[in-house]
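Student: Structure supplied as start01.cif; contents: mmCIF, C-alpha atoms.
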```cif
data_query
loop_
_atom_site.label_atom_id
_atom_site.label_comp_id
_atom_site.auth_asym_id
_atom_site.auth_seq_id
_atom_site.Cartn_x
_atom_site.Cartn_y
_atom_site.Cartn_z
CA MET A 167 93.36 82.56 91.11
CA PRO A 168 97.09 82.29 91.84
CA SER A 169 99.16 80.21 89.44
CA GLY A 170 101.22 77.37 90.84
CA ASP A 171 104.14 78.08 88.51
CA PRO A 172 105.80 81.49 89.04
CA ALA A 173 108.33 80.84 86.25
CA ALA A 174 105.56 80.19 83.70
CA LEU A 175 103.73 83.28 84.89
CA ARG A 176 106.87 85.42 84.51
CA LYS A 177 107.46 84.06 81.00
CA ALA A 178 103.84 84.64 80.05
CA LYS A 179 104.08 88.26 81.22
CA GLU A 180 107.28 88.74 79.19
CA ASP A 181 105.50 87.23 76.22
CA ILE A 182 102.62 89.68 76.58
CA PHE A 183 104.93 92.70 76.56
CA GLN A 184 107.26 91.38 73.84
CA ARG A 185 104.62 90.06 71.44
CA THR A 186 101.02 91.05 72.18
CA LEU A 187 101.86 94.62 73.15
CA ALA A 188 105.00 94.99 71.03
CA ASP A 189 103.35 97.36 68.56
CA VAL A 190 101.42 99.35 71.14
CA GLY A 191 103.27 102.60 71.71
CA ASP A 192 102.52 103.51 75.30
CA ASP A 193 100.66 102.63 78.48
CA PHE A 194 97.31 104.07 77.47
CA GLY A 195 97.14 101.88 74.39
CA ARG A 196 98.40 98.92 76.42
CA LEU A 197 95.69 99.48 79.01
CA ILE A 198 92.93 99.49 76.39
CA CYS A 199 94.42 96.42 74.72
CA LEU A 200 94.74 94.44 77.97
CA ALA A 201 91.27 95.43 79.19
CA SER A 202 89.85 94.21 75.88
CA THR A 203 91.11 90.68 76.63
CA ARG A 204 88.78 90.53 79.66
CA ASP A 205 85.34 88.98 79.40
CA TYR A 206 83.04 91.57 80.97
CA ASN A 207 80.60 88.89 82.08
CA THR A 208 83.03 86.69 83.95
CA GLY A 209 85.98 89.01 84.60
CA GLN A 210 88.30 86.33 83.20
CA TYR A 211 91.03 87.24 80.72
CA HIS A 212 91.37 85.27 77.49
CA HIS A 213 94.11 85.14 74.88
CA ALA A 214 94.15 82.12 72.60
CA GLY A 215 97.84 82.29 71.64
CA LEU A 216 99.02 82.77 75.20
CA ALA A 217 96.75 79.99 76.49
CA ALA A 218 98.15 77.65 73.83
CA ALA A 219 101.74 78.50 74.80
CA PHE A 220 101.14 78.24 78.55
CA SER A 221 97.70 77.34 79.94
CA ASP A 222 94.35 79.08 80.35
CA GLU A 223 95.04 79.71 84.01
CA VAL A 224 98.55 81.12 83.50
CA ALA A 225 97.40 83.24 80.55
CA CYS A 226 94.50 84.64 82.57
CA GLN A 227 96.67 85.48 85.57
CA ALA A 228 99.47 86.95 83.46
CA LEU A 229 97.02 89.21 81.61
CA ALA A 230 95.42 90.27 84.88
CA GLU A 231 98.81 91.15 86.41
CA CYS A 232 99.96 93.03 83.30
CA HIS A 233 96.64 94.90 83.34
CA ARG A 234 97.20 95.93 86.96
CA ASP A 235 100.84 96.92 86.32
CA VAL A 236 99.99 99.06 83.31
CA PHE A 237 97.05 100.65 85.12
CA ASP A 238 99.24 101.54 88.13
CA SER A 239 101.89 103.01 85.88
CA LEU A 240 99.33 105.17 84.09
CA LEU A 241 97.57 106.17 87.30
CA HIS A 242 100.78 107.57 88.73
CA ALA A 243 101.91 109.28 85.53
CA PRO A 244 101.80 113.10 85.48
CA MET A 245 98.73 114.64 83.81
CA GLU A 246 100.92 116.02 81.04
CA GLU A 247 102.03 112.51 80.10
CA LEU A 248 98.47 111.19 80.29
CA VAL A 249 97.27 113.87 77.88
CA GLN A 250 100.08 113.02 75.46
CA GLN A 251 99.34 109.30 75.66
CA LEU A 252 95.62 109.86 75.17
CA GLU A 253 96.36 111.99 72.13
CA ASN A 254 98.62 109.24 70.72
CA TYR A 255 95.90 106.70 71.35
CA LEU A 256 93.27 108.82 69.58
CA ARG A 257 95.54 109.11 66.55
CA SER A 258 96.09 105.35 66.53
CA THR A 259 92.35 104.57 66.36
CA GLY A 260 92.12 106.00 62.84
CA ALA A 261 88.71 107.46 63.69
CA SER A 262 87.80 111.12 63.62
CA PRO A 263 89.41 112.74 66.68
CA VAL A 264 86.36 114.95 67.18
CA ALA A 265 84.00 111.96 67.17
CA VAL A 266 86.22 109.98 69.54
CA LEU A 267 86.61 112.87 71.95
CA GLU A 268 82.86 113.49 71.98
CA SER A 269 82.19 109.83 72.55
CA TRP A 270 84.75 109.66 75.36
CA SER A 271 83.29 112.75 76.93
CA ASP A 272 79.66 111.55 76.75
CA LEU A 273 79.88 107.77 77.15
CA GLN A 274 83.04 107.60 79.27
CA PRO A 275 84.12 104.21 77.88
CA TYR A 276 87.35 104.44 79.91
CA ARG A 277 85.32 103.39 82.94
CA VAL A 278 85.46 99.76 81.83
CA VAL A 279 89.26 99.58 81.52
CA VAL A 280 89.95 99.59 85.25
CA PRO A 281 91.19 96.28 86.74
CA ALA A 282 88.53 94.45 88.74
CA ASP A 283 90.37 94.58 92.06
CA CYS A 284 91.21 98.25 91.77
CA GLU A 285 90.69 100.28 94.94
CA LYS A 286 87.77 102.71 94.70
CA LEU A 287 89.84 105.84 95.28
CA SER A 288 92.40 104.83 92.63
CA ALA A 289 89.61 104.15 90.13
CA GLU A 290 88.02 107.53 90.88
CA LEU A 291 91.38 109.28 90.43
CA PHE A 292 91.85 107.54 87.09
CA PHE A 293 88.34 108.50 85.87
CA SER A 294 88.91 112.07 86.96
CA ASN A 295 92.32 112.29 85.27
CA VAL A 296 91.02 110.89 81.98
CA LYS A 297 88.00 113.19 82.11
CA ILE A 298 90.29 116.20 82.49
CA ALA A 299 92.67 114.90 79.80
CA VAL A 300 89.74 114.51 77.38
CA ALA A 301 88.58 118.03 78.23
CA ILE A 302 92.08 119.41 77.61
CA LEU A 303 92.23 117.74 74.19
CA ARG A 304 88.73 118.96 73.26
CA ASN A 305 89.68 122.41 74.42
CA ARG A 306 92.88 122.31 72.36
CA ARG A 307 90.93 121.00 69.37
CA ALA A 308 88.43 123.88 69.66
CA ARG A 309 91.27 126.38 69.81
CA ASN A 310 93.01 124.76 66.88
CA SER A 311 89.85 124.79 64.76
CA ALA A 312 90.12 128.56 64.83
CA ASN A 313 93.65 128.10 63.48
CA PRO A 314 93.33 125.05 61.16
CA GLN A 315 97.00 124.96 60.19
CA SER A 316 97.98 123.79 63.62
CA ALA A 317 95.16 121.29 64.17
CA TRP A 318 96.49 117.99 65.57
CA GLN A 319 100.08 119.02 65.19
CA PRO A 320 102.33 118.05 68.10
CA GLN A 321 102.29 120.92 70.56
CA SER A 322 104.08 122.00 73.62
CA LEU A 323 101.90 121.30 76.66
CA GLY A 324 102.93 124.39 78.49
CA ARG A 325 106.55 123.55 79.18
CA MET B 88 70.45 83.06 106.52
CA THR B 89 71.39 84.72 109.78
CA LEU B 90 75.08 85.11 110.33
CA ASN B 91 76.66 85.09 113.75
CA GLY B 92 78.87 87.95 114.93
CA GLU B 93 82.33 87.21 113.55
CA THR B 94 81.04 85.61 110.36
CA ALA B 95 78.80 88.59 109.66
CA ILE B 96 81.74 90.91 110.12
CA LEU B 97 84.02 88.80 107.95
CA HIS B 98 81.39 89.03 105.22
CA SER B 99 81.24 92.79 105.50
CA LEU B 100 84.99 93.27 105.08
CA GLY B 101 84.96 94.54 101.53
CA ASP B 102 87.15 97.57 102.05
CA VAL B 103 88.84 97.97 105.34
CA LEU B 104 92.45 98.83 104.54
CA PRO B 105 93.66 102.43 104.21
CA ALA B 106 93.95 103.93 100.72
CA ASN B 107 97.08 103.51 98.65
CA ARG B 108 99.63 106.20 99.65
CA ALA B 109 100.75 106.84 96.07
CA THR B 110 97.14 107.50 95.09
CA ILE B 111 96.72 109.97 97.95
CA ALA B 112 99.96 111.72 96.99
CA ASN B 113 98.74 112.01 93.38
CA ILE B 114 95.49 113.65 94.42
CA PHE B 115 97.40 116.41 96.20
CA LYS B 116 100.18 116.78 93.59
CA LYS B 117 100.56 120.45 92.62
CA HIS B 118 102.46 119.68 89.43
CA ASP B 119 99.26 118.56 87.68
CA LEU B 120 97.48 121.79 88.68
CA GLU B 121 100.34 123.82 87.21
CA PHE B 122 100.18 121.81 83.99
CA VAL B 123 96.41 122.23 83.61
CA GLY B 124 96.73 125.96 84.39
CA LYS B 125 99.19 126.34 81.51
CA ALA B 126 97.72 123.87 79.01
CA ALA B 127 94.07 124.88 79.43
CA PRO B 128 93.52 127.79 81.85
CA GLU B 129 89.74 127.52 81.24
CA LEU B 130 89.79 124.08 82.86
CA ARG B 131 91.74 125.04 85.97
CA ASP B 132 88.61 125.51 88.08
CA ALA B 133 87.12 122.22 86.87
CA PHE B 134 90.38 120.48 87.75
CA LEU B 135 90.37 122.07 91.21
CA ARG B 136 86.78 120.90 91.78
CA GLU B 137 87.70 117.37 90.73
CA ARG B 138 90.71 117.23 93.04
CA LYS B 139 88.66 118.66 95.91
CA ARG B 140 86.00 116.01 95.35
CA LEU B 141 88.65 113.26 95.39
CA ALA B 142 90.34 114.68 98.50
CA LEU B 143 87.00 114.75 100.35
CA LEU B 144 86.21 111.24 99.11
CA TRP B 145 89.52 110.04 100.55
CA ILE B 146 88.72 111.61 103.94
CA LEU B 147 85.23 110.10 103.99
CA GLN B 148 86.63 106.73 103.02
CA THR B 149 89.33 106.91 105.71
CA ARG B 150 86.75 107.72 108.40
CA ARG B 151 84.43 104.93 107.28
CA ARG B 152 87.20 102.36 107.09
CA ALA B 153 88.65 103.35 110.44
CA THR B 154 85.20 103.04 112.01
CA ARG B 155 84.67 99.65 110.39
CA LEU B 156 88.08 98.46 111.56
CA MET B 157 87.27 99.65 115.08
CA GLN B 158 84.00 97.65 115.02
CA ILE B 159 85.86 94.55 113.90
CA HIS B 160 88.53 95.14 116.48
CA ARG B 161 85.98 95.46 119.29
CA MET B 162 84.28 92.28 118.12
CA ALA B 163 87.57 90.43 118.16
CA VAL B 164 88.89 91.55 121.51
CA ARG B 165 85.96 92.36 123.80
CA GLU B 166 85.70 88.93 125.40
CA HIS B 167 89.20 87.79 124.69
CA PRO B 168 91.16 86.54 127.73
CA GLU B 169 94.32 88.32 126.56
CA LEU B 170 92.69 91.75 126.33
CA GLN B 171 95.23 94.43 127.30
CA VAL B 172 93.41 97.47 128.58
CA GLU B 173 96.34 99.86 128.12
CA MET B 174 96.83 98.90 124.47
CA GLU B 175 93.09 99.19 123.85
CA LEU B 176 92.97 102.66 125.36
CA LYS B 177 95.89 103.75 123.19
CA LEU B 178 94.12 102.38 120.13
CA ALA B 179 90.88 104.17 121.06
CA ALA B 180 92.82 107.42 121.52
CA SER B 181 94.47 106.91 118.14
CA TYR B 182 91.05 106.29 116.55
CA TRP B 183 89.49 109.43 117.99
CA GLN B 184 92.54 111.48 117.05
CA LEU B 185 92.26 110.22 113.47
CA LEU B 186 88.54 111.08 113.30
CA CYS B 187 89.20 114.59 114.65
CA LEU B 188 92.04 115.15 112.18
CA CYS B 189 89.85 113.95 109.32
CA GLY B 190 87.11 116.37 110.39
CA LEU B 191 89.58 119.24 110.59
CA LEU B 192 91.17 118.41 107.23
CA GLN B 193 87.71 118.17 105.67
CA LEU B 194 86.95 121.70 106.85
CA VAL B 195 90.26 123.08 105.59
CA ILE B 196 89.93 121.39 102.18
CA SER B 197 86.33 122.59 101.85
CA ALA B 198 87.44 126.13 102.59
CA ARG B 199 90.82 126.36 100.87
CA GLY B 200 90.97 123.48 98.38
CA PRO B 201 93.29 120.46 98.44
CA PHE B 202 96.55 122.09 97.38
CA GLU B 203 97.13 124.20 100.47
CA THR B 204 96.90 121.32 102.90
CA GLN B 205 99.86 119.12 102.07
CA ARG B 206 101.48 119.08 105.53
CA MET B 207 98.18 118.33 107.20
CA THR B 208 97.40 115.66 104.63
CA ARG B 209 100.72 113.96 105.38
CA PHE B 210 99.91 114.14 109.10
CA VAL B 211 96.49 112.50 108.57
CA THR B 212 98.07 109.82 106.37
CA GLU B 213 100.65 109.09 109.09
CA SER B 214 97.97 109.01 111.80
CA ALA B 215 95.89 106.59 109.74
CA SER B 216 98.90 104.32 109.23
CA GLU B 217 99.66 104.37 112.95
CA PHE B 218 96.06 103.51 113.81
CA TRP B 219 95.99 100.59 111.37
CA ALA B 220 99.39 99.37 112.57
CA ALA B 221 98.31 99.56 116.24
CA SER B 222 95.20 97.48 115.56
CA ASP B 223 97.27 95.07 113.53
CA ARG B 224 99.75 94.60 116.40
CA ILE B 225 96.96 93.85 118.86
CA LEU B 226 94.99 91.50 116.61
CA THR B 227 98.08 89.67 115.41
CA GLY B 228 99.09 89.06 119.02
CA LEU B 229 95.75 87.50 120.01
CA LYS B 230 95.58 83.73 120.08
CA GLY B 231 92.31 82.43 118.68
CA GLY B 232 90.91 85.91 118.01
CA LEU B 233 89.71 87.10 114.63
CA PRO B 234 92.49 85.87 112.33
CA ARG B 235 93.95 89.01 110.80
CA ARG B 236 95.42 87.19 107.83
CA GLU B 237 91.92 86.04 106.86
CA TRP B 238 90.50 89.48 106.49
CA ARG B 239 93.68 90.62 104.74
CA TYR B 240 93.01 87.87 102.28
CA LEU B 241 89.48 89.16 101.81
CA ASN B 242 90.89 92.49 100.70
CA GLN B 243 93.25 91.10 98.09
#
```
For this file, write the structure as structure tokens.
Tutor:
Amino acid sequence: MPSGDPAALRKAKEDIFQRTLADVGDDFGRLICLASTRDYNTGQYHHAGLAAAFSDEVACQALAECHRDVFDSLLHAPMEELVQQLENYLRSTGASPVAVLESWSDLQPYRVVVPADCEKLSAELFFSNVKIAVAILRNRRARNSANPQSAWQPQSLGR
Amino acid sequence: MTLNGETAILHSLGDVLPANRATIANIFKKHDLEFVGKAAPELRDAFLRERKRLALLWILQTRRRATRLMQIHRMAVREHPELQVEMELKLAASYWQLLCLCGLLQLVISARGPFETQRMTRFVTESASEFWAASDRILTGLKGGLPRREWRYLNQ
């Protein structure tokens, strides 16, 4: 639903990046964070603070646009960067990396973080890229378990 | 409820535009293959299979969307008083050329994978753009035909 006030929308988007996402390190974390503001039943985005500062409609549209922007940025990032961002995200969860990687491999929770109006081919490319990134991290983890000193230390990704 | 011709078509216009060019370019990007080959050589084959699947999905999608667009186009122009036969023949030729190129590219990708077909992929992408642009020019020029902006809106 397009907002009637482009200036308010722009300010709301700035607010999202400067406040809501200020502590989120990179696009992968931002994508998860923005997708989590969406109601999976209605597809509408909700953020109480943003809605109070602007309006429900502006907040919803600003979150939807930020979600699309962050998704596009991540979709077109090189695989190397995606792997690095996924690794950073896994660290930030505080959960066991092995458990998270297994869960991501089996349940594929990343399938729900795609914007609603995403083109099918773009969504498929994203799923495929994340699947490969998860496999690379699991593979690296398995290799590192044979050499525990280097487990989850920052590593060169082949460059 | 039974829908009449144009309304039925308007309702079926879920996906009719060509795929995003940046997405297509990413599918065929060799840099990612090189990275996976270095970072996890054991996963190189799995990565190749994934990219091949996506490349073939893109071709299938392009063929389906072009065919759907052609159906819509025929519906819009077949009884229109401003029908221009020459333009329609050019569009039909462009459509058949695109289908043939898609078929050929599908064979090459199936046989050799997606990373050895970059020039041909660019050619198919250009042909698809030309076909969509040609239909757009015709439909935009028709007075009272199927309003192009409406079905663009449906794809937003």
Student: My list of candidates is A:Ala228, A:Val300, A:Leu291, A:Leu216. Which is closest to chain B when distances are computed with all atoms listed in the file?
Tutor: A:Leu291
Student: Using only C-alpha atoms, what residues lie at most 10 Å away from (105.1, 114.1, 86.7) (file coordinates), given as a VMD selection string?
Tutor: (chain A and resid 242 to 248) or (chain B and resid 113 116 to 119 122)
Student: If you count only C-alpha atoms, which residues fall within 10 Å of region 182-198 of chain B, apart from same-chain ones fewer than 5 positions away, as a PyMOL selection string?
Tutor: chain B and resi 139-140+142-147+149-151+153-154+156-157+176-177+203-204+207-208+210-219+221-222
Student: For chain B against chain A, which residues fall within 10 Å using all atoms listed in the file, given as a VMD selection string?
Tutor: chain B and resid 102 104 to 107 109 to 114 116 118 to 131 133 to 134 137 to 138 140 to 142 144 to 145 148 242 to 243
Student: Apply the PyMOL selection byres ((chain B and resi 225) around 9) to the structure shown and report the selected residues as a CSV table (one decimal) with C-alpha atoms, in the frame of the given file.
Tutor:
```csv
chain,number,residue,atom,x,y,z
B,160,HIS,CA,88.5,95.1,116.5
B,164,VAL,CA,88.9,91.6,121.5
B,170,LEU,CA,92.7,91.8,126.3
B,171,GLN,CA,95.2,94.4,127.3
B,174,MET,CA,96.8,98.9,124.5
B,175,GLU,CA,93.1,99.2,123.8
B,220,ALA,CA,99.4,99.4,112.6
B,221,ALA,CA,98.3,99.6,116.2
B,222,SER,CA,95.2,97.5,115.6
B,223,ASP,CA,97.3,95.1,113.5
B,224,ARG,CA,99.8,94.6,116.4
B,226,LEU,CA,95.0,91.5,116.6
B,227,THR,CA,98.1,89.7,115.4
B,228,GLY,CA,99.1,89.1,119.0
B,229,LEU,CA,95.8,87.5,120.0
```
Student: One decimal, Å: what's the distance from CA of Val190 (chain A) over to CA of Arg108 (chain B), could you say?
Tutor: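 Answer for the CA of Val190 (chain A) to CA of Arg108 (chain B) separation: 29.4 Å.
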Student: In Å, with one decimal, what is the gap from CA of Ala214 (chain A) to CA of Leu175 (chain A)?
Tutor: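 Atom-to-atom, CA of Ala214 (chain A) to CA of Leu175 (chain A), that is 15.6 Å.
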Student: At a cut-off of 12 Å, using all atoms listed in the file, what residues contact Ile182 (chain A)? Leave out same-chain residues fewer than 5 positions from it and give the result as a PDB file with C-alpha atoms, in the coordinates of the input.
Tutor:
```
ATOM      1  CA  LEU A 175     103.730  83.280  84.890  1.00  0.00           C
ATOM      2  CA  ARG A 176     106.870  85.420  84.510  1.00  0.00           C
ATOM      3  CA  LYS A 177     107.460  84.060  81.000  1.00  0.00           C
ATOM      4  CA  LEU A 187     101.860  94.620  73.150  1.00  0.00           C
ATOM      5  CA  ALA A 188     105.000  94.990  71.030  1.00  0.00           C
ATOM      6  CA  ASP A 189     103.350  97.360  68.560  1.00  0.00           C
ATOM      7  CA  VAL A 190     101.420  99.350  71.140  1.00  0.00           C
ATOM      8  CA  ARG A 196      98.400  98.920  76.420  1.00  0.00           C
ATOM      9  CA  CYS A 199      94.420  96.420  74.720  1.00  0.00           C
ATOM     10  CA  LEU A 200      94.740  94.440  77.970  1.00  0.00           C
ATOM     11  CA  THR A 203      91.110  90.680  76.630  1.00  0.00           C
ATOM     12  CA  HIS A 213      94.110  85.140  74.880  1.00  0.00           C
ATOM     13  CA  GLY A 215      97.840  82.290  71.640  1.00  0.00           C
ATOM     14  CA  LEU A 216      99.020  82.770  75.200  1.00  0.00           C
ATOM     15  CA  ALA A 217      96.750  79.990  76.490  1.00  0.00           C
ATOM     16  CA  ALA A 219     101.740  78.500  74.800  1.00  0.00           C
ATOM     17  CA  PHE A 220     101.140  78.240  78.550  1.00  0.00           C
ATOM     18  CA  VAL A 224      98.550  81.120  83.500  1.00  0.00           C
ATOM     19  CA  ALA A 225      97.400  83.240  80.550  1.00  0.00           C
ATOM     20  CA  CYS A 226      94.500  84.640  82.570  1.00  0.00           C
ATOM     21  CA  GLN A 227      96.670  85.480  85.570  1.00  0.00           C
ATOM     22  CA  ALA A 228      99.470  86.950  83.460  1.00  0.00           C
ATOM     23  CA  LEU A 229      97.020  89.210  81.610  1.00  0.00           C
ATOM     24  CA  ALA A 230      95.420  90.270  84.880  1.00  0.00           C
ATOM     25  CA  GLU A 231      98.810  91.150  86.410  1.00  0.00           C
ATOM     26  CA  CYS A 232      99.960  93.030  83.300  1.00  0.00           C
ATOM     27  CA  HIS A 233      96.640  94.900  83.340  1.00  0.00           C
ATOM     28  CA  VAL A 236      99.990  99.060  83.310  1.00  0.00           C
TER      29      VAL A 236
END
```
Student: Taking the file as I've supplied it (selection: the PyMOL selection byres ((chain A and resi 278) around 10)), which residues are included? Please answer as a tab-separated table (two decimals) with C-alpha atoms, in the coordinates of the input.
Tutor:
```
chain	number	residue	atom	x	y	z
A	198	ILE	CA	92.93	99.49	76.39
A	201	ALA	CA	91.27	95.43	79.19
A	202	SER	CA	89.85	94.21	75.88
A	206	TYR	CA	83.04	91.57	80.97
A	274	GLN	CA	83.04	107.60	79.27
A	275	PRO	CA	84.12	104.21	77.88
A	276	TYR	CA	87.35	104.44	79.91
A	277	ARG	CA	85.32	103.39	82.94
A	279	VAL	CA	89.26	99.58	81.52
A	280	VAL	CA	89.95	99.59	85.25
A	281	PRO	CA	91.19	96.28	86.74
A	282	ALA	CA	88.53	94.45	88.74
```
Student: Could you tell me how far CA of Ser311 (chain A) lies from CA of Gly195 (chain A), in Å and to one decimal?
Tutor: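 Separation between CA of Ser311 (chain A) and CA of Gly195 (chain A): 25.9 Å.
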Student: Would you mind completing region 172-194 of chain B so that it carries N, CA and C atoms, and writing it out as an mmCIF file, in the frame of the given file?
Tutor:
```
data_model
loop_
_atom_site.group_PDB
_atom_site.id
_atom_site.type_symbol
_atom_site.label_atom_id
_atom_site.label_comp_id
_atom_site.auth_asym_id
_atom_site.auth_seq_id
_atom_site.Cartn_x
_atom_site.Cartn_y
_atom_site.Cartn_z
ATOM 1 N N VAL B 172 94.174 96.223 128.482
ATOM 2 C CA VAL B 172 93.410 97.470 128.580
ATOM 3 C C VAL B 172 94.227 98.673 128.105
ATOM 4 N N GLU B 173 95.505 98.699 128.472
ATOM 5 C CA GLU B 173 96.340 99.860 128.120
ATOM 6 C C GLU B 173 96.461 100.009 126.601
ATOM 7 N N MET B 174 96.704 98.872 125.933
ATOM 8 C CA MET B 174 96.830 98.900 124.470
ATOM 9 C C MET B 174 95.515 99.334 123.817
ATOM 10 N N GLU B 175 94.402 98.845 124.409
ATOM 11 C CA GLU B 175 93.090 99.190 123.850
ATOM 12 C C GLU B 175 92.793 100.670 124.002
ATOM 13 N N LEU B 176 93.198 101.225 125.146
ATOM 14 C CA LEU B 176 92.970 102.660 125.360
ATOM 15 C C LEU B 176 93.800 103.485 124.385
ATOM 16 N N LYS B 177 95.031 103.028 124.151
ATOM 17 C CA LYS B 177 95.890 103.750 123.190
ATOM 18 C C LYS B 177 95.274 103.697 121.791
ATOM 19 N N LEU B 178 94.736 102.530 121.459
ATOM 20 C CA LEU B 178 94.120 102.380 120.130
ATOM 21 C C LEU B 178 92.892 103.291 120.012
ATOM 22 N N ALA B 179 92.085 103.317 121.088
ATOM 23 C CA ALA B 179 90.880 104.170 121.060
ATOM 24 C C ALA B 179 91.277 105.640 120.910
ATOM 25 N N ALA B 180 92.356 106.032 121.623
ATOM 26 C CA ALA B 180 92.820 107.420 121.520
ATOM 27 C C ALA B 180 93.277 107.717 120.090
ATOM 28 N N SER B 181 93.977 106.746 119.506
ATOM 29 C CA SER B 181 94.470 106.910 118.140
ATOM 30 C C SER B 181 93.300 107.044 117.159
ATOM 31 N N TYR B 182 92.246 106.260 117.409
ATOM 32 C CA TYR B 182 91.050 106.290 116.550
ATOM 33 C C TYR B 182 90.372 107.648 116.628
ATOM 34 N N TRP B 183 90.177 108.148 117.835
ATOM 35 C CA TRP B 183 89.490 109.430 117.990
ATOM 36 C C TRP B 183 90.330 110.581 117.432
ATOM 37 N N GLN B 184 91.656 110.457 117.622
ATOM 38 C CA GLN B 184 92.540 111.480 117.050
ATOM 39 C C GLN B 184 92.406 111.502 115.530
ATOM 40 N N LEU B 185 92.374 110.300 114.938
ATOM 41 C CA LEU B 185 92.260 110.220 113.470
ATOM 42 C C LEU B 185 90.940 110.829 112.996
ATOM 43 N N LEU B 186 89.848 110.526 113.708
ATOM 44 C CA LEU B 186 88.540 111.080 113.300
ATOM 45 C C LEU B 186 88.543 112.620 113.401
ATOM 46 N N CYS B 187 89.144 113.124 114.487
ATOM 47 C CA CYS B 187 89.200 114.590 114.650
ATOM 48 C C CYS B 187 90.033 115.221 113.545
ATOM 49 N N LEU B 188 91.183 114.603 113.241
ATOM 50 C CA LEU B 188 92.040 115.150 112.180
ATOM 51 C C LEU B 188 91.328 115.131 110.836
ATOM 52 N N CYS B 189 90.604 114.038 110.587
ATOM 53 C CA CYS B 189 89.850 113.950 109.320
ATOM 54 C C CYS B 189 88.818 115.071 109.238
ATOM 55 N N GLY B 190 88.120 115.312 110.354
ATOM 56 C CA GLY B 190 87.110 116.370 110.390
ATOM 57 C C GLY B 190 87.728 117.731 110.120
ATOM 58 N N LEU B 191 88.885 117.964 110.761
ATOM 59 C CA LEU B 191 89.580 119.240 110.590
ATOM 60 C C LEU B 191 90.061 119.407 109.148
ATOM 61 N N LEU B 192 90.667 118.348 108.610
ATOM 62 C CA LEU B 192 91.170 118.410 107.230
ATOM 63 C C LEU B 192 90.025 118.633 106.237
ATOM 64 N N GLN B 193 88.889 118.003 106.531
ATOM 65 C CA GLN B 193 87.710 118.170 105.670
ATOM 66 C C GLN B 193 87.297 119.650 105.619
ATOM 67 N N LEU B 194 87.313 120.275 106.792
ATOM 68 C CA LEU B 194 86.950 121.700 106.850
ATOM 69 C C LEU B 194 87.932 122.554 106.060
#
```
